[in-house]
Amino acid sequence: MQQGPRTRGQPGIQGGEAPPVPWHALPPEAVLERLSSTAEGLTEEAARERLARFGPNELKRERGDSAWKLLWRQINSPLIWVLIASSVLAILLGKVTDGLVVAAVVVLNTLIGFVQEYRAGKAIEALGHMVPESTTVVRDGRPVALPAWKLVPGDVVRLASGDRVPADLRLLHSRNLQVEEAALTGESVPSSKHSVAVAGDAELGDRASLAFGGTLVTSGTTTAVVVATGSATELGRISHLLDQTADLTTPLTQELARLGRLITLGIVVLSAVLLVVGLLRGYTFSDAVLVSITLAVAAIPEGLPAIVTIALAIGVQRMATRRAVIRKLPAVETLGSTTVICTDKTGTLTRNEMTVRALWTPRGHHELTGVGYAPAGQLLSEGQLQDTPPDDVRALLVAGVLCNEASLQSQEGRWRMTGDPTEGALLVAAEKVGLGVSDLRARHPRLDAIPFESEQQFMATLHADGADGRELFIFLKGAPEVVLRRCTPQTDADGVLAEVERMARQGMRVLAVARKDAPGATSLPLRDVEDGFRLLGLQGMIDPPREEAVEAVKGCHTAGIRVKMMTGDHLATAEAIGIQLGLHTPGRSGLTGARLSELDDATLTRAVMDTNVFARVAPEHKLRLVRALQAKGHVVAMTGDGVNDAPALKQANIGVAMGITGTAVSREAADLVLTDDNFATIVSAVEEGRRVYDNLIKSLAFVLPTNLGLALILLMGVAFFPIQQAAGVHVPLMAMRPTQLLWINLVATVTLALPLAFEARERHVMCRPPRAPDAPVLNHFVVMRTGLVALLMAAGAIGLFLWEFSRQGGAHASLDPRPLAEAQTMAVNTVISFQIFYLWLCRTLSGSMREVGLFSNRTVFVGIATLVLLQAAFMYVPFFQRLFGTAPLSLGDIARSVLAGAVVLPVVGLEKWLRSRSARRTGRDDSLPRGRARLPA
């Protein structure tokens with residue numbers, strides 16, 4: 001039976017129960033006994049029985065929505081159902097062309113949405129690729145290569161450098177073992193592993209006696225026993241958390257759905273009223289129904305889904321140029337309403353390059369400037385610049401270079417480090433003060449070494465002086481308490497440990513370095529490193545914040561966005577980085593994962609609002625923190641790069657994965673991928689998201705007046721236009737045919753609205769608070785502007801329609817179609833003229849054209865020119881005349897329609913002036929998105 005996810009991911013053999021003492025707290029012998037296994041592994045018979053009992057060592061893969069379900073989701077919308085009903089009714093009433101054109105609109109919108117959703121990634125499937133295909137297992141006392149899915153609890157496996165860990169393992173024996181666990185814990189430096197039991201309440205990153213499935217062995221070897229497989233592993237537990245998260249709809253999606261329901265309700269009510277009015281005025285039932293269908297076609301903004309999709313796609317392209325790749329289209333707009341960014345530390349806020357910042361010798365304190373692996377920096381002693389290092393500092397740095405396995409190279413102007421990041425930092429520190437690494441290693445060749453092992457926590461090397469080779473000495477480097485135990489009794493251990501504590505409070509990782517003369521030595525046995533060393537000093541290093549991240553955090557605070565750091569690193573390190581970034585106040589305490597586990601939901605919600613630094617957090621902690629913020633109404637962006645981040649990435653309103661260091665799982669779970677792993681890029685993406693939202697509001701302010709204006713034209717026609725009579729038949733007079741309405745809605749409106757997606761961002765877009773998630777897109781500004789422009793448009797189109805129809809003698813003709821066709825073409829031309837002039841007024845929500853610049857968005861000219869050519873074809877090409885029922889207009893008629901459309905310029909210009917005057921007086925501009933109160937930084 002497949003094991004279910006457990007709190008600590010550790011099944012027991014007896015009934016599948018977790019042991020009373022966690023695996024990492026038990027000695028190896030007790031682990032083997034509890035698993036009913038031995039150092040020679042399981043027998044084939046026992047392995048087969050356990051495979052049947054616990055199931056294969058693989059993760060359950062969730063199947064996503066089928067193509068049919070995705071397709072149905074696109075169709076199941078109120079506006080789409082109204083269009084489908086209109087199409088069917090039109091065909092039944094004999095208006096086949098009108099009905100087919102409406103049906104084509106439905107198909108087009110459905111396909112756009114279907115393609116967008118079909119391309120969405122499935123995060124859980126990517127987890128399966130974290131498990132290796134085969135591994136070395138000891139069965140019946142013999143090592144054999146088996147597929148990883150055949151592993152069962154109790155199996156003994158052997159791993160070496162480069163192997164991926166196939167399941168959760170308890171280490172039995174290991175040598176110099178280091179495992180890359182960043183995908184699970186978020187720590188950038190490989191974790192040292194050993195077989196010694198650790199405390200039962202140790203956090204995930206501190207369980208040094210365990211190796212977790214999906215992680216990578218970077219050095220050393222080990223023999224270990226399987227304690228959890230499949231869904232019971234830490235990887236499986238994360239998969240379960242990922243499965244429990246919900247895909248959230250974006251604020252824009254919610255608001256557009258609300259707008260769709262509102263428009264649908266209005267259309268149904270108006271169509272019913274129009275049907276009754278038509279019957280009362282003497283229309284036949286079929287004519288009254290046709291008019292109602294025409295109203296539906298006129299009032300529904302058929303082009304809006306395409307406009308929104310294309311505007312978001314343009315935002316995606318712009319973000320890509322700023323190194324932010326959008327995987328899920330609606331995420332573009334969600335960024336603009338983000339109120340909280342939860343971010344990892346390593347590589348996102350920091351450089352992921354360990355840097356020596358502080359040096360201490362028994363003679364005093366010293367500081368090294370510069371960051372990263374580039375050897376550019378200066379030495380400061382008590383605040384004074386040192387051109388050459390003092391002898392004590394030189395001795396400390398030389399020892400750090402020689403007792404070292406790393407290397408440093410310059411490639412095409414960029415410095416790269418090979419080896420352990422901590423050791424790389426020691427090399428860079430020496431280079432900064434002019435000590436050449438290659439020269440030092442050549443002058444003091446290494447004769448022997450004791451490599452670093454996690455059990456002993458030190459490294460030692462034996463060297464000879466290159467001058468005559470007679471002077472022999474040993475360097476010792478490692479954890480301060482380990483090195484101090486091997487130094488002479490005269491060393492002030494308490495004073496040194498106090499200095500270590502001071503550096504640790506600043507978030508530094510501290511290494512102690514010592515030296516011992518070794519005359520006559522030819523090798524380096526362990527007994528020679530037990531005592532007799534002289535302490536040279538301490539080197540304190542830290543992964544420094546990115547300079548651009550510091551500015552980006554300031555930008556977030558200016559924009560009313562709270563930034564919270566959630567890391568797997570130690571609390572002291574996280575707090576120190578938080579202070580440097582402006583996230584954390586000195587004297588206040590961050591929260592650890594252990595403390596979070598003790599809090600109930602109500603206390604956690606208060607804590608997450610008051611705290612910005614969270615350390616040693618596990619996947620479930622991140623998930624709880626994101627949910628707590630969402631429960632308070634926040635729109636949360638979550639960054640991450642590991643498997644451990646995937647559940648929180650999926651739960652967040654906007655998941656942001658790292659493109660360089662990120663795992664496939666984190667990228668699949670995310671909505672946005674940063675190609676440079678830089679926090680500052682997130683802020684650029686937020687800025688772009690706000691620009692996209694503003695431009696969508698501009699598009700709405702442009703599109704909706706057309707739909708309301710067309711609806712008013714039809715309402716006025718049914719209520720007041722005269723009814724033609726010929727041969728005893730009542731013929732309703734309509735200012736536009738349904739196909740002409742679709743021409744305006746789909747061709748003209750979309751052609752003119754798309755250039756608005758290219759508009760530059762509004763002034764001070766990052767100096768206003770985030771848009772409230774529940775802020776309606778149909779705000780006071782959009783409603784008032786829609787009503788004003790719709791009335792102007794309807795008045796102009798109806799006036800010129802009636803004038804042209806009367807001038808052509810249509811009112812006295814029998815059923816001659818030409819006067820009506822010319823008058824309807826005149827009405828269409830007038831509406832499009834209104835749209836062209838109104839487009840210029842929609843290019844900015846709050847400013848004037850002088851501020852925007854006439855030529856700042858050249859696509860506006862392209863859109864207008866394109867529409868002019870299409871409109872000429874609409875009027876003069878015979879095919880279009882037959883399809884849309886149009887007629888050619890004279891230059892005089894075109895001039896009159898253009899003059900009528902130009903009326904919108906002074907009227908709306910006056911409205912904008914009055915509104916800006918009111919905004920200066922009240923301090924609030926209702927054309928901008930409604931924000932929430934600023935959050936404290």
# chains A, B, ... in the order shown; residues from 1 in each chain; ligands from 1
>>> select_by_dssp(residues="stretch 520-696 of chain A", states="helix (DSSP H, G or I)", output="PyMOL selection string")
chain A and resi 526-529+547-558+571-581+593-598+601-610+619-631+643-651+664-669+679-696
>>> residues_around(residues="A:Val718", least_positions_apart="2", cutoff="12 Å", atoms="only C-alpha atoms", output="JSON, numbers by chain")
{"A": [270, 271, 273, 274, 275, 276, 277, 278, 279, 280, 281, 282, 283, 287, 288, 289, 290, 291, 292, 294, 295, 711, 712, 713, 714, 715, 716, 720, 721, 722, 723, 731, 732, 733, 734, 735, 736, 798]}
>>> residues_around(residues="A:His557", least_positions_apart="5", cutoff="12 Å", atoms="only C-alpha atoms", output="VMD selection string")
chain A and resid 339 to 341 550 to 552 562 to 564 581 to 583 683 766 to 770 934 to 937
>>> write_last_selection(atoms="N, CA, C and O atoms", output="PDB file, in the first residue's frame")
ATOM      1  N   THR A 339       0.466  43.353  -3.157  1.00  0.00           N
ATOM      2  CA  THR A 339       0.615  44.148  -1.937  1.00  0.00           C
ATOM      3  C   THR A 339       1.740  43.632  -1.050  1.00  0.00           C
ATOM      4  O   THR A 339       2.276  44.374  -0.244  1.00  0.00           O
ATOM      5  N   VAL A 340       2.084  42.356  -1.184  1.00  0.00           N
ATOM      6  CA  VAL A 340       3.162  41.767  -0.380  1.00  0.00           C
ATOM      7  C   VAL A 340       4.016  40.883  -1.288  1.00  0.00           C
ATOM      8  O   VAL A 340       3.479  40.093  -2.068  1.00  0.00           O
ATOM      9  N   ILE A 341       5.335  41.020  -1.187  1.00  0.00           N
ATOM     10  CA  ILE A 341       6.260  40.127  -1.883  1.00  0.00           C
ATOM     11  C   ILE A 341       6.992  39.305  -0.831  1.00  0.00           C
ATOM     12  O   ILE A 341       7.686  39.856   0.032  1.00  0.00           O
ATOM     13  N   VAL A 550      18.763  46.328  -2.644  1.00  0.00           N
ATOM     14  CA  VAL A 550      18.531  47.343  -1.620  1.00  0.00           C
ATOM     15  C   VAL A 550      17.652  48.458  -2.184  1.00  0.00           C
ATOM     16  O   VAL A 550      16.681  48.894  -1.556  1.00  0.00           O
ATOM     17  N   GLU A 551      17.987  48.911  -3.395  1.00  0.00           N
ATOM     18  CA  GLU A 551      17.185  49.966  -4.027  1.00  0.00           C
ATOM     19  C   GLU A 551      15.793  49.458  -4.387  1.00  0.00           C
ATOM     20  O   GLU A 551      14.815  50.188  -4.277  1.00  0.00           O
ATOM     21  N   ALA A 552      15.723  48.196  -4.791  1.00  0.00           N
ATOM     22  CA  ALA A 552      14.417  47.636  -5.162  1.00  0.00           C
ATOM     23  C   ALA A 552      13.491  47.551  -3.956  1.00  0.00           C
ATOM     24  O   ALA A 552      12.284  47.804  -4.065  1.00  0.00           O
ATOM     25  N   ARG A 562       4.793  45.616   0.792  1.00  0.00           N
ATOM     26  CA  ARG A 562       5.577  45.075   1.904  1.00  0.00           C
ATOM     27  C   ARG A 562       6.444  43.923   1.393  1.00  0.00           C
ATOM     28  O   ARG A 562       5.981  43.108   0.582  1.00  0.00           O
ATOM     29  N   VAL A 563       7.700  43.840   1.835  1.00  0.00           N
ATOM     30  CA  VAL A 563       8.609  42.762   1.439  1.00  0.00           C
ATOM     31  C   VAL A 563       8.916  41.919   2.666  1.00  0.00           C
ATOM     32  O   VAL A 563       9.295  42.444   3.715  1.00  0.00           O
ATOM     33  N   LYS A 564       8.763  40.593   2.530  1.00  0.00           N
ATOM     34  CA  LYS A 564       9.028  39.673   3.626  1.00  0.00           C
ATOM     35  C   LYS A 564      10.016  38.608   3.152  1.00  0.00           C
ATOM     36  O   LYS A 564       9.837  38.036   2.080  1.00  0.00           O
ATOM     37  N   LEU A 581      19.120  45.328   4.136  1.00  0.00           N
ATOM     38  CA  LEU A 581      18.160  45.578   3.059  1.00  0.00           C
ATOM     39  C   LEU A 581      17.070  46.566   3.461  1.00  0.00           C
ATOM     40  O   LEU A 581      16.289  47.002   2.608  1.00  0.00           O
ATOM     41  N   GLY A 582      16.998  46.910   4.725  1.00  0.00           N
ATOM     42  CA  GLY A 582      15.936  47.797   5.187  1.00  0.00           C
ATOM     43  C   GLY A 582      14.633  47.075   5.468  1.00  0.00           C
ATOM     44  O   GLY A 582      13.581  47.701   5.544  1.00  0.00           O
ATOM     45  N   LEU A 583      14.704  45.739   5.643  1.00  0.00           N
ATOM     46  CA  LEU A 583      13.501  44.945   5.928  1.00  0.00           C
ATOM     47  C   LEU A 583      13.289  44.740   7.418  1.00  0.00           C
ATOM     48  O   LEU A 583      12.169  44.485   7.861  1.00  0.00           O
ATOM     49  N   VAL A 683      10.539  43.918  -9.083  1.00  0.00           N
ATOM     50  CA  VAL A 683      10.003  45.272  -8.962  1.00  0.00           C
ATOM     51  C   VAL A 683       9.730  45.849 -10.352  1.00  0.00           C
ATOM     52  O   VAL A 683       8.704  46.514 -10.573  1.00  0.00           O
ATOM     53  N   MET A 766       4.701  54.109  -9.670  1.00  0.00           N
ATOM     54  CA  MET A 766       5.244  53.377  -8.532  1.00  0.00           C
ATOM     55  C   MET A 766       5.290  54.235  -7.266  1.00  0.00           C
ATOM     56  O   MET A 766       5.966  53.885  -6.298  1.00  0.00           O
ATOM     57  N   CYS A 767       4.560  55.320  -7.269  1.00  0.00           N
ATOM     58  CA  CYS A 767       4.479  56.168  -6.077  1.00  0.00           C
ATOM     59  C   CYS A 767       3.077  56.163  -5.486  1.00  0.00           C
ATOM     60  O   CYS A 767       2.767  56.969  -4.612  1.00  0.00           O
ATOM     61  N   ARG A 768       2.228  55.283  -5.980  1.00  0.00           N
ATOM     62  CA  ARG A 768       0.887  55.174  -5.427  1.00  0.00           C
ATOM     63  C   ARG A 768       0.731  53.796  -4.797  1.00  0.00           C
ATOM     64  O   ARG A 768       1.437  52.856  -5.178  1.00  0.00           O
ATOM     65  N   PRO A 769      -0.169  53.662  -3.843  1.00  0.00           N
ATOM     66  CA  PRO A 769      -0.345  52.357  -3.187  1.00  0.00           C
ATOM     67  C   PRO A 769      -0.912  51.332  -4.151  1.00  0.00           C
ATOM     68  O   PRO A 769      -1.466  51.687  -5.198  1.00  0.00           O
ATOM     69  N   PRO A 770      -0.762  50.041  -3.840  1.00  0.00           N
ATOM     70  CA  PRO A 770      -1.298  49.008  -4.727  1.00  0.00           C
ATOM     71  C   PRO A 770      -2.813  49.136  -4.891  1.00  0.00           C
ATOM     72  O   PRO A 770      -3.508  49.594  -3.987  1.00  0.00           O
ATOM     73  N   ARG A 934      -1.612  52.589   2.698  1.00  0.00           N
ATOM     74  CA  ARG A 934      -0.220  52.148   2.608  1.00  0.00           C
ATOM     75  C   ARG A 934       0.127  51.224   3.767  1.00  0.00           C
ATOM     76  O   ARG A 934      -0.289  51.425   4.895  1.00  0.00           O
ATOM     77  N   LEU A 935       0.911  50.206   3.472  1.00  0.00           N
ATOM     78  CA  LEU A 935       1.384  49.301   4.510  1.00  0.00           C
ATOM     79  C   LEU A 935       2.660  49.872   5.107  1.00  0.00           C
ATOM     80  O   LEU A 935       3.461  50.478   4.408  1.00  0.00           O
ATOM     81  N   PRO A 936       2.867  49.697   6.407  1.00  0.00           N
ATOM     82  CA  PRO A 936       4.123  50.159   6.991  1.00  0.00           C
ATOM     83  C   PRO A 936       5.297  49.381   6.438  1.00  0.00           C
ATOM     84  O   PRO A 936       5.187  48.198   6.164  1.00  0.00           O
ATOM     85  N   ALA A 937       6.405  50.053   6.238  1.00  0.00           N
ATOM     86  CA  ALA A 937       7.587  49.382   5.708  1.00  0.00           C
ATOM     87  C   ALA A 937       8.231  48.475   6.749  1.00  0.00           C
ATOM     88  O   ALA A 937       8.917  47.564   6.408  1.00  0.00           O
TER      89      ALA A 937
END
>>> atom_distance(atom1="atom CA of A:Thr135", atom2="atom CA of A:Lys150")
9.8 Å
>>> closest_residue(among="A:Pro305, A:Leu435, A:Ala429, A:Glu759", to="A:Thr110", atoms="only C-alpha atoms")
A:Pro305
>>> residues_around(residues="A:Asp201", least_positions_apart="6", cutoff="12 Å", atoms="only C-alpha atoms", output="ChimeraX atom specification")
/A:8,21-25,207,593-595,597
>>> residues_around(residues="stretch 781-790 of chain A", least_positions_apart="2", cutoff="10 Å", atoms="only C-alpha atoms", output="number ranges by chain")
A: 697-698, 700-713, 776-779, 792-796, 831, 834-835, 838, 845, 904, 907-908, 911-912, 915, 925-929
>>> residues_around(residues="A:Gln824", least_positions_apart="3", cutoff="10 Å", atoms="only C-alpha atoms", output="VMD selection string")
chain A and resid 734 to 737 740 797 to 798 800 to 802 804 to 805 818 to 821 827 to 830 885 to 887
>>> residues_around(residues="A:Ala646", least_positions_apart="3", cutoff="9 Å", atoms="only C-alpha atoms", output="number ranges by chain")
A: 123, 238-239, 241-242, 619, 640-643, 649-651, 655, 657, 665-670
>>> closest_residue(among="A:Ile300, A:Ala460, A:Leu674, A:Leu396", to="A:Arg322", atoms="only C-alpha atoms")
A:Leu674
>>> closest_residue(among="A:Gly478, A:Thr350, A:Thr639, A:Phe884", to="A:Gln580", atoms="only C-alpha atoms")
A:Thr350
>>> closest_residue(among="A:Thr361, A:Ser219, A:Ser192, A:Ser36", to="A:Ala160", atoms="only C-alpha atoms")
A:Ser219
>>> select_by_dssp(residues="stretch 156-235 of chain A", states="strand (DSSP E)", output="number ranges by chain")
A: 156-160, 168-180, 191-192, 210-211, 216-228
>>> closest_residue(among="A:Ser699, A:Gln490, A:Asn57, A:Thr859", to="A:Leu312", atoms="only C-alpha atoms")
A:Ser699
>>> atom_distance(atom1="atom CA of A:Lys477", atom2="atom CA of A:Asp392")
16.0 Å
>>> atom_distance(atom1="atom CA of A:Glu822", atom2="atom CA of A:Ala296")
23.6 Å
>>> closest_residue(among="A:Pro375, A:Pro330, A:Pro489, A:Pro480", to="A:Gly532", atoms="only C-alpha atoms")
A:Pro489
